[in-house]
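A.B. asks: Pasting in a structure now, in structure tokens, and then I'll have a few things to ask.
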Amino acid sequence: MSGKMNPTFGVVKSSKPTSIVKTGGWRYLRPVHLSRISPCRLNCPLGNDIAQFIAHIDKHDFQRAYQVIVEENPLPGVCGRVCFSPCEKNCNRSQYDEGISIRALERFTAEQTKFSGNIGKRIEKQKKRIAVVGSGPAGLSCAYFSARLGYSVSIFERGPQLGGMLRHGIPEYRLPKQVLEREIDNIQSLGMTVKLNAEMGKNFVLPELLREFEAVFLGIGAWKSLKMRIEGEKEFARKSGLAFLVDANSGAYSLSGKVAVIGGGNTAFDVARSCLRHGNEPIIIYRRSKAEMPALQEEIDDAEREGVHMVFQAAPTAIRSENGKLLIRCLRTERRGSLVDGKYVYIPVEDSDFEIVTDNVIACIGEATVVEGLDPKVFVVSALQRSKVAGVFSGGDMTSEVRSVSHAIGSGKRAAIGIDQFLKGEDIDLTGALFEPGGGVSFTRYLAGKQEESRNPVHFEEINLDYFEQQNRVKPTRVLPLGNLKGDFTEIEKDLSMDGAFSEAKRCFKCGYCNQCLNCYVFCPDTAISVTSNREPVVDYDHCKGCGICVRECPRGTICEIRED
Amino acid sequence: MKKVIEGAHAAAYAVRDCRAEVIPAYPITPQTSVIELIASFCSSGAMKARFIPVESEHSAMAACIAASAAGARAFTATSSHGLALMHELLHWAARGRLPIVMVNANRALGVPWNLGADQTDSLAQRDTGWIQLYCETNQEIYDYVIQAFALAEAIRLPVMVNMEAFIHSHTSESVELASQQEVDKFLKNSHPTTYLDPDNVTTLYGGVPDGDQYMRFQMALQKDMELTFDILAEIQTSFYSQFGRNHSIVQSYQCDDADTVLLTCSTISGTARAVLPTLREKGISLGVMRLNMVRPFPSALVKANLKKARKVAVVDRDISFGAGGIVGQEVKAALYSEDPRPEFYGFVAGLGGKDVTPETIERIVSFTEERQGADLIWVDMD
């Protein structure tokens with residue numbers, strides 16, 4: 001080019017980037033990544049961090065999933081089999097297609113890691129000593145969490161083996177002993193003293209314990225079966241359901257012929273189906289209708305398929321013996337009035353007598369806790385299981401309105417926290433770490449001294465469904481030994497397959513848990529969200545204008561908009 | 001080597017021969033044939049370039065800006081709404097002083113939907129700082145794309161080469177294609193500037209300058225753009241000496257003695273030249289002026305060619321609502337300072353690809369013979 005044609009080429013360059021303009025100052029809504037409560041966790045009686053453990057399964061990190069579970073629950077193999085899954089009833093996904101098989105995923109995790117891994121972290125040793133009476137799920141839980149808090153724990157179990165209801169009350173085909181043994185071993189590996197064949201009221205009394213230990217946890221369960229209070233009960237229906245199961249589980253089975261099982265709860269079904277497997281013919285007699293049976297639906301369905309006969313709306317009034325047989329006289333019942341406390345009242349119909357012929361009668365109509373000389377004040381407890389008797393905490397079936405394994409474990413955890421507070425002379429406000437209505441407590445938060453970041457559970461409307469395709473639920477298969485049940489105590493419910501588990505883990509919304517999908521990072525139009533080397537999103541509040549796109553594109557409601565005031 | 005090819009492909013061959021390095025592109029009728037042929041060149045290895053199928057024309061220009069700033073020879077093609085979608089980035093590319101070359105197929109803008117030739121799309125972008133060339137033949141398309149890279153890289157401003165929808169894009173003509181060596185030789189000293197250099201880090205386009213600083217940049221752009229005529233003239237001299245072809249930015253045909261000059265920047269000029277002998281025979285003193293460049297506006301050349309004319313009839317294949325034909329306005333502005341100046345007739349014809357026939361031209365010329373000047377006359381619309 002000739003000289004006169006030299007353009008000036010004014011190119012805009014600077015030493016400072018445009019980021020010196022802090023556009024974040026325009027914001028009036030600030031996006032914050034919060035760890036929020038998922039509705040499943042809200043319902044869990046023991047506060048399992050469900051969204052998080054499923055997120056780890058989704059990433060194929062079973063070890064981490066296991067660790068997350070045992071931070072809050074030392075018995076995933078057990079719960080993964082026998083919990084009644086209140087979590088699943090609250091699952092947000094059920095409003096989209098079908099809820100997640102959470103219980104099966106918990107079991108899957110335990111199976112994949114072969115029930116091992118770093119069992120809960122421990123903090124430094126404390127000088128104080130705690131006695132735990134009863135080694136069912138409540139006692140085992142309290143022992144576990146107290147040991148993790150550094151206390152010296154001594155377990156007192158009246159039987160020759162640990163486990164309580166888990167060992168004696170639940171049959172092998174629902175909870176194999178091998179699984180129970182492994183998880184009890186895990187708990188014991190934290191280091192604790194165990195005294196077997198030591199019964200309160202017989203081998204020692206409570207005041208003795210209180211002298212030797214700084215705190216006592218009572219998890220003695222409810223083993224005294226309620227009486228039907230009918231004629232002939234004492235002679236012909238002496239053995240109750242629980243006692244029967246204890247015998248059956250320890251090999252001392254002695255029934256022959258037909259067995260009439262009175263009741264409709266899990267115990268009745270455990271008894272009936274155990275009888276089947278011993279070659280007897282059971283019949284279940286229940287006062288209300290089938291729809292109102294309190295047992296788990298799977299138990300009822302399986303029992304029907306196994307051929308257990310059931311009679312409904314029948315109330316036994318007397319038992320007598322005739323020609324070597326037992327005859328149970330029953331009255332028909334009918335429903336009256338409206339719901340009272342969620343249940344209908346059934347009353348016997350006059351002159352509707354009929355008889356059922358059988359060889360054995362076992363009553364499973366409920367249990368109570370009866371211990372000679374025990375101060376009744378121990379049965380009433382605070383939110384952290386503290387009773388009005390100084391130094392005594394109680395939990396499990398003896399205090400809980402809802403009698404379940406997960407409630408018991410939850411109560412043991414709360415008691416451990418309550419004891420820790422009591423021994424340190426502290427009075428923590430746990431409203432942040434407690435979840436209603438299940439009452440589960442986060443041990444992780446307790447250790448961190450942190451309150452819950454957000455008490456607002458994630459609602460279905462906050463899930464961005466664009467990121468989830470509808471897909472059928474995978475349920476664990478149930479294989480009934482139909483045909484020849486005798487001697488067959490094989491576990492009925494199978495573990496999920498790897499594919500099935502991944503499918504369920506993928507379907508889980510992981511409500512309120514940041515699983516590092518990085519949608520927020522991808523969609524931020526201002527590149528105001530960056531990612532750490534740990535794949536955690538970080539908001540640059542100097543430049544975030546609060547447009548809210550990240551909030552809406554977070555599939556799981558983890559990002560909340562908070563007013564800048 | 002002569003090949004009978006459609007205008008879109010002529011553009012693609014030129015892009016290949018110029019060894020463009022980054023082609024971010026989004027399809028739109030009737031330019032898609034341009035990028036499809038380029039894509040096949042990239043796929044076969046005939047071009048060692050990165051073809052980036054982007055999600056919109058706005059992204060296409062965004063990617064061109066980035067690639068060009070990094071020193072790569074960038075090219076894209078679009079039309080009509082695609083060009084409109086890039087609008088904000090057209091400003092950015094020019095003010096960013098980037099030598100991007102783009103082929104635009106002049107096509108009508110909706111509503112309603114229309115695929116026909118119409119130059120409102122590019123003329124509506126005349127303020128963005130892009131140099132704008134308008135082609136009459138497929139040969140001009142090929143030649144101008146090559147010259148466009150040389151011009152853009154010499155002056156550091158983006159260049160838009162326009163062709164008409166279907167009239168050029170999908171119509172085949174004989175085109176003399178150069179060899180790769182010849183184009184390499186022609187562009188030997190031409191290359192984009194690398195603004196973004198990892199070894200010498202600065203912030204490009206950063207900072208928030210005050211009004212004074214800002215205005216200086218824009219003034220520099222205008223002043224540089226004014227050098228286009230001289231710089232392009234040198235490039236065209238060099239092109240002529242190497243390839244033996246020249247296409248002036250303003251072509252006048254029998255304007256020296258014409259009373260009436262018909263002026264367009266579209267292929268309507270070709271129709272006008274075809275009718276011209278007939279009209280001359282009837283005693284009408286007509287000349288035809290064709291603008292191959294609209295930005296920068298070649299005022300001096302336009303005025304020079306209208307020295308003798310008593311009437312100038314601008315035929316716009318476009319419209320600026322609320323005013324009139326765009327080229328007409330540009331011509332009027334150029335003539336403002338002239339004294340005397342010709343009577344002005346502003347015709348709007350052929351929008352949406354509506355046919356402009358020899359009879360149409362005759363009607364336009366009759367109008368100028370019979371009536372006084374007018375700012376906006378709609379052709380063949382009764």
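Chain lettering (A, B, ...) mirrors the order of the structure tokens, residue numbering begins at 1 for each chain separately, and ligand numbering begins at 1 in order of display.
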Dump as a VMD selection string the residues of chain A that approach chain B to within 6 Å, counting only C-alpha atoms.
C.D. replies: chain A and resid 7 10 12 to 18
A.B. asks: What lies within 6 Å of Gly395 in chain A using only C-alpha atoms, ignoring chain neighbours under 3 positions off, as a list in words?
C.D. replies: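 In the requested form, the answer reads Gly219, Thr399 and Ser411 of chain A.
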A.B. asks: Taking the DSSP secondary structure from the backbone, can you list the residues of range 386-530 of chain A that are helix (DSSP H, G or I), as a ChimeraX atom specification?
C.D. replies: /A:396-398,405-424,430-432,443-448,460-462,465-467,498-507,519-523
A.B. asks: As an NGL selection string, list the residues of range 15-244 of chain A assigned to strand (DSSP E) by DSSP on the backbone atoms of this structure.
C.D. replies: :A and (29-33 or 129-133 or 152-156 or 193-195 or 215-218 or 224-225)
A.B. asks: Mind dumping the selected residues with N, CA and C atoms as a PDB file, in the first residue's frame?
C.D. replies:
```pdb
ATOM      1  N   LEU A  29     -32.188 -10.263  44.224  1.00  0.00           N
ATOM      2  CA  LEU A  29     -32.410 -11.635  44.678  1.00  0.00           C
ATOM      3  C   LEU A  29     -31.096 -12.380  44.526  1.00  0.00           C
ATOM      4  N   ARG A  30     -30.660 -12.998  45.602  1.00  0.00           N
ATOM      5  CA  ARG A  30     -29.372 -13.682  45.578  1.00  0.00           C
ATOM      6  C   ARG A  30     -29.583 -15.196  45.505  1.00  0.00           C
ATOM      7  N   PRO A  31     -28.926 -15.860  44.554  1.00  0.00           N
ATOM      8  CA  PRO A  31     -29.073 -17.317  44.494  1.00  0.00           C
ATOM      9  C   PRO A  31     -28.086 -17.989  45.443  1.00  0.00           C
ATOM     10  N   VAL A  32     -28.585 -18.868  46.272  1.00  0.00           N
ATOM     11  CA  VAL A  32     -27.706 -19.534  47.233  1.00  0.00           C
ATOM     12  C   VAL A  32     -27.889 -21.045  47.131  1.00  0.00           C
ATOM     13  N   HIS A  33     -26.795 -21.754  47.021  1.00  0.00           N
ATOM     14  CA  HIS A  33     -26.857 -23.219  47.018  1.00  0.00           C
ATOM     15  C   HIS A  33     -27.051 -23.674  48.456  1.00  0.00           C
ATOM     16  N   ARG A 129     -19.065 -43.106  81.263  1.00  0.00           N
ATOM     17  CA  ARG A 129     -19.505 -44.439  80.877  1.00  0.00           C
ATOM     18  C   ARG A 129     -21.026 -44.510  80.794  1.00  0.00           C
ATOM     19  N   ILE A 130     -21.483 -45.198  79.758  1.00  0.00           N
ATOM     20  CA  ILE A 130     -22.933 -45.301  79.534  1.00  0.00           C
ATOM     21  C   ILE A 130     -23.351 -46.767  79.527  1.00  0.00           C
ATOM     22  N   ALA A 131     -24.451 -47.060  80.205  1.00  0.00           N
ATOM     23  CA  ALA A 131     -25.006 -48.416  80.156  1.00  0.00           C
ATOM     24  C   ALA A 131     -26.184 -48.434  79.202  1.00  0.00           C
ATOM     25  N   VAL A 132     -26.213 -49.446  78.354  1.00  0.00           N
ATOM     26  CA  VAL A 132     -27.339 -49.618  77.428  1.00  0.00           C
ATOM     27  C   VAL A 132     -28.011 -50.930  77.769  1.00  0.00           C
ATOM     28  N   VAL A 133     -29.296 -50.854  78.126  1.00  0.00           N
ATOM     29  CA  VAL A 133     -30.017 -52.070  78.510  1.00  0.00           C
ATOM     30  C   VAL A 133     -30.924 -52.478  77.360  1.00  0.00           C
ATOM     31  N   SER A 152     -17.536 -44.717  76.735  1.00  0.00           N
ATOM     32  CA  SER A 152     -17.397 -46.151  76.978  1.00  0.00           C
ATOM     33  C   SER A 152     -18.782 -46.713  77.165  1.00  0.00           C
ATOM     34  N   VAL A 153     -19.107 -47.694  76.361  1.00  0.00           N
ATOM     35  CA  VAL A 153     -20.467 -48.238  76.375  1.00  0.00           C
ATOM     36  C   VAL A 153     -20.467 -49.674  76.854  1.00  0.00           C
ATOM     37  N   SER A 154     -21.412 -49.985  77.742  1.00  0.00           N
ATOM     38  CA  SER A 154     -21.621 -51.369  78.149  1.00  0.00           C
ATOM     39  C   SER A 154     -23.040 -51.761  77.823  1.00  0.00           C
ATOM     40  N   ILE A 155     -23.184 -52.843  77.056  1.00  0.00           N
ATOM     41  CA  ILE A 155     -24.520 -53.324  76.686  1.00  0.00           C
ATOM     42  C   ILE A 155     -24.905 -54.464  77.609  1.00  0.00           C
ATOM     43  N   PHE A 156     -26.145 -54.400  78.125  1.00  0.00           N
ATOM     44  CA  PHE A 156     -26.679 -55.482  78.950  1.00  0.00           C
ATOM     45  C   PHE A 156     -27.826 -56.139  78.196  1.00  0.00           C
ATOM     46  N   THR A 193     -18.345 -52.916  75.721  1.00  0.00           N
ATOM     47  CA  THR A 193     -18.446 -54.112  76.554  1.00  0.00           C
ATOM     48  C   THR A 193     -19.826 -54.710  76.377  1.00  0.00           C
ATOM     49  N   VAL A 194     -19.896 -56.052  76.307  1.00  0.00           N
ATOM     50  CA  VAL A 194     -21.195 -56.712  76.151  1.00  0.00           C
ATOM     51  C   VAL A 194     -21.380 -57.707  77.281  1.00  0.00           C
ATOM     52  N   LYS A 195     -22.525 -57.584  77.956  1.00  0.00           N
ATOM     53  CA  LYS A 195     -22.827 -58.557  79.000  1.00  0.00           C
ATOM     54  C   LYS A 195     -24.104 -59.303  78.610  1.00  0.00           C
ATOM     55  N   ALA A 215     -24.759 -42.500  82.804  1.00  0.00           N
ATOM     56  CA  ALA A 215     -26.086 -42.413  82.183  1.00  0.00           C
ATOM     57  C   ALA A 215     -26.514 -43.808  81.764  1.00  0.00           C
ATOM     58  N   VAL A 216     -27.814 -44.008  81.698  1.00  0.00           N
ATOM     59  CA  VAL A 216     -28.350 -45.319  81.320  1.00  0.00           C
ATOM     60  C   VAL A 216     -29.381 -45.145  80.214  1.00  0.00           C
ATOM     61  N   PHE A 217     -29.290 -45.992  79.185  1.00  0.00           N
ATOM     62  CA  PHE A 217     -30.325 -46.003  78.153  1.00  0.00           C
ATOM     63  C   PHE A 217     -31.111 -47.299  78.284  1.00  0.00           C
ATOM     64  N   LEU A 218     -32.433 -47.179  78.351  1.00  0.00           N
ATOM     65  CA  LEU A 218     -33.287 -48.364  78.396  1.00  0.00           C
ATOM     66  C   LEU A 218     -33.933 -48.573  77.033  1.00  0.00           C
ATOM     67  N   LYS A 224     -44.090 -58.368  76.513  1.00  0.00           N
ATOM     68  CA  LYS A 224     -45.179 -59.062  77.211  1.00  0.00           C
ATOM     69  C   LYS A 224     -46.412 -58.993  76.331  1.00  0.00           C
ATOM     70  N   SER A 225     -46.809 -60.123  75.776  1.00  0.00           N
ATOM     71  CA  SER A 225     -47.957 -60.122  74.867  1.00  0.00           C
ATOM     72  C   SER A 225     -49.247 -59.813  75.605  1.00  0.00           C
TER      73      SER A 225
END
```
A.B. asks: Quick one: residues within 12 Å of Asn515 in chain A, only C-alpha atoms counted, chain neighbours fewer than 6 positions away excluded, as a ChimeraX atom specification?
C.D. replies: /A:33-35,51-59,505-506,508-509,534-537,554-559
A.B. asks: Could those selected residues go to a file with N, CA and C atoms, as a PDB file, in the first residue's frame?
C.D. replies:
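Final file, again_28.pdb:
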```
ATOM      1  N   HIS A  33     -26.795 -21.754  47.021  1.00  0.00           N
ATOM      2  CA  HIS A  33     -26.857 -23.219  47.018  1.00  0.00           C
ATOM      3  C   HIS A  33     -27.051 -23.674  48.456  1.00  0.00           C
ATOM      4  N   LEU A  34     -28.167 -24.331  48.705  1.00  0.00           N
ATOM      5  CA  LEU A  34     -28.429 -24.818  50.052  1.00  0.00           C
ATOM      6  C   LEU A  34     -28.578 -26.322  50.034  1.00  0.00           C
ATOM      7  N   SER A  35     -28.215 -26.912  51.147  1.00  0.00           N
ATOM      8  CA  SER A  35     -28.495 -28.324  51.291  1.00  0.00           C
ATOM      9  C   SER A  35     -29.885 -28.407  51.914  1.00  0.00           C
ATOM     10  N   ALA A  51     -31.232 -38.483  49.841  1.00  0.00           N
ATOM     11  CA  ALA A  51     -30.866 -37.918  48.531  1.00  0.00           C
ATOM     12  C   ALA A  51     -29.374 -38.066  48.292  1.00  0.00           C
ATOM     13  N   GLN A  52     -28.591 -37.853  49.324  1.00  0.00           N
ATOM     14  CA  GLN A  52     -27.146 -37.914  49.145  1.00  0.00           C
ATOM     15  C   GLN A  52     -26.670 -39.339  48.868  1.00  0.00           C
ATOM     16  N   PHE A  53     -27.178 -40.306  49.616  1.00  0.00           N
ATOM     17  CA  PHE A  53     -26.632 -41.651  49.389  1.00  0.00           C
ATOM     18  C   PHE A  53     -27.036 -42.166  48.014  1.00  0.00           C
ATOM     19  N   ILE A  54     -28.252 -41.792  47.594  1.00  0.00           N
ATOM     20  CA  ILE A  54     -28.671 -42.226  46.257  1.00  0.00           C
ATOM     21  C   ILE A  54     -27.832 -41.522  45.185  1.00  0.00           C
ATOM     22  N   ALA A  55     -27.467 -40.262  45.442  1.00  0.00           N
ATOM     23  CA  ALA A  55     -26.621 -39.533  44.481  1.00  0.00           C
ATOM     24  C   ALA A  55     -25.290 -40.260  44.305  1.00  0.00           C
ATOM     25  N   HIS A  56     -24.764 -40.839  45.380  1.00  0.00           N
ATOM     26  CA  HIS A  56     -23.490 -41.564  45.257  1.00  0.00           C
ATOM     27  C   HIS A  56     -23.667 -42.871  44.500  1.00  0.00           C
ATOM     28  N   ILE A  57     -24.804 -43.533  44.693  1.00  0.00           N
ATOM     29  CA  ILE A  57     -25.053 -44.747  43.911  1.00  0.00           C
ATOM     30  C   ILE A  57     -25.096 -44.374  42.428  1.00  0.00           C
ATOM     31  N   ASP A  58     -25.762 -43.255  42.152  1.00  0.00           N
ATOM     32  CA  ASP A  58     -25.886 -42.767  40.774  1.00  0.00           C
ATOM     33  C   ASP A  58     -24.511 -42.579  40.147  1.00  0.00           C
ATOM     34  N   LYS A  59     -23.543 -42.168  40.977  1.00  0.00           N
ATOM     35  CA  LYS A  59     -22.183 -41.965  40.476  1.00  0.00           C
ATOM     36  C   LYS A  59     -21.337 -43.224  40.630  1.00  0.00           C
ATOM     37  N   ALA A 505     -31.600 -45.174  40.949  1.00  0.00           N
ATOM     38  CA  ALA A 505     -30.760 -44.065  41.415  1.00  0.00           C
ATOM     39  C   ALA A 505     -30.831 -42.899  40.441  1.00  0.00           C
ATOM     40  N   LYS A 506     -30.940 -43.223  39.164  1.00  0.00           N
ATOM     41  CA  LYS A 506     -31.035 -42.173  38.149  1.00  0.00           C
ATOM     42  C   LYS A 506     -32.389 -41.482  38.218  1.00  0.00           C
ATOM     43  N   CYS A 508     -34.192 -41.016  40.784  1.00  0.00           N
ATOM     44  CA  CYS A 508     -34.320 -40.186  41.990  1.00  0.00           C
ATOM     45  C   CYS A 508     -33.987 -38.741  41.667  1.00  0.00           C
ATOM     46  N   PHE A 509     -34.868 -37.803  42.038  1.00  0.00           N
ATOM     47  CA  PHE A 509     -34.633 -36.384  41.783  1.00  0.00           C
ATOM     48  C   PHE A 509     -33.460 -35.854  42.612  1.00  0.00           C
ATOM     49  N   ASN A 534     -13.166 -29.601  42.967  1.00  0.00           N
ATOM     50  CA  ASN A 534     -13.999 -30.680  43.486  1.00  0.00           C
ATOM     51  C   ASN A 534     -15.357 -30.728  42.806  1.00  0.00           C
ATOM     52  N   ARG A 535     -15.466 -30.000  41.688  1.00  0.00           N
ATOM     53  CA  ARG A 535     -16.746 -29.976  40.955  1.00  0.00           C
ATOM     54  C   ARG A 535     -17.867 -29.345  41.762  1.00  0.00           C
ATOM     55  N   GLU A 536     -17.511 -28.380  42.620  1.00  0.00           N
ATOM     56  CA  GLU A 536     -18.576 -27.697  43.353  1.00  0.00           C
ATOM     57  C   GLU A 536     -18.831 -26.340  42.704  1.00  0.00           C
ATOM     58  N   PRO A 537     -20.095 -26.001  42.502  1.00  0.00           N
ATOM     59  CA  PRO A 537     -20.370 -24.692  41.903  1.00  0.00           C
ATOM     60  C   PRO A 537     -20.172 -23.569  42.925  1.00  0.00           C
ATOM     61  N   CYS A 554     -31.802 -25.551  38.057  1.00  0.00           N
ATOM     62  CA  CYS A 554     -31.375 -26.596  38.993  1.00  0.00           C
ATOM     63  C   CYS A 554     -32.491 -27.624  39.015  1.00  0.00           C
ATOM     64  N   PRO A 555     -32.211 -28.848  38.611  1.00  0.00           N
ATOM     65  CA  PRO A 555     -33.294 -29.816  38.498  1.00  0.00           C
ATOM     66  C   PRO A 555     -33.952 -30.141  39.830  1.00  0.00           C
ATOM     67  N   ARG A 556     -33.229 -29.906  40.922  1.00  0.00           N
ATOM     68  CA  ARG A 556     -33.671 -30.463  42.195  1.00  0.00           C
ATOM     69  C   ARG A 556     -33.883 -29.448  43.302  1.00  0.00           C
ATOM     70  N   GLY A 557     -34.076 -28.185  42.940  1.00  0.00           N
ATOM     71  CA  GLY A 557     -34.453 -27.205  43.957  1.00  0.00           C
ATOM     72  C   GLY A 557     -33.402 -26.930  44.997  1.00  0.00           C
ATOM     73  N   THR A 558     -32.124 -27.085  44.609  1.00  0.00           N
ATOM     74  CA  THR A 558     -31.061 -26.867  45.578  1.00  0.00           C
ATOM     75  C   THR A 558     -30.709 -25.397  45.730  1.00  0.00           C
ATOM     76  N   ILE A 559     -31.004 -24.620  44.683  1.00  0.00           N
ATOM     77  CA  ILE A 559     -30.624 -23.214  44.743  1.00  0.00           C
ATOM     78  C   ILE A 559     -31.851 -22.407  45.143  1.00  0.00           C
TER      79      ILE A 559
END
```
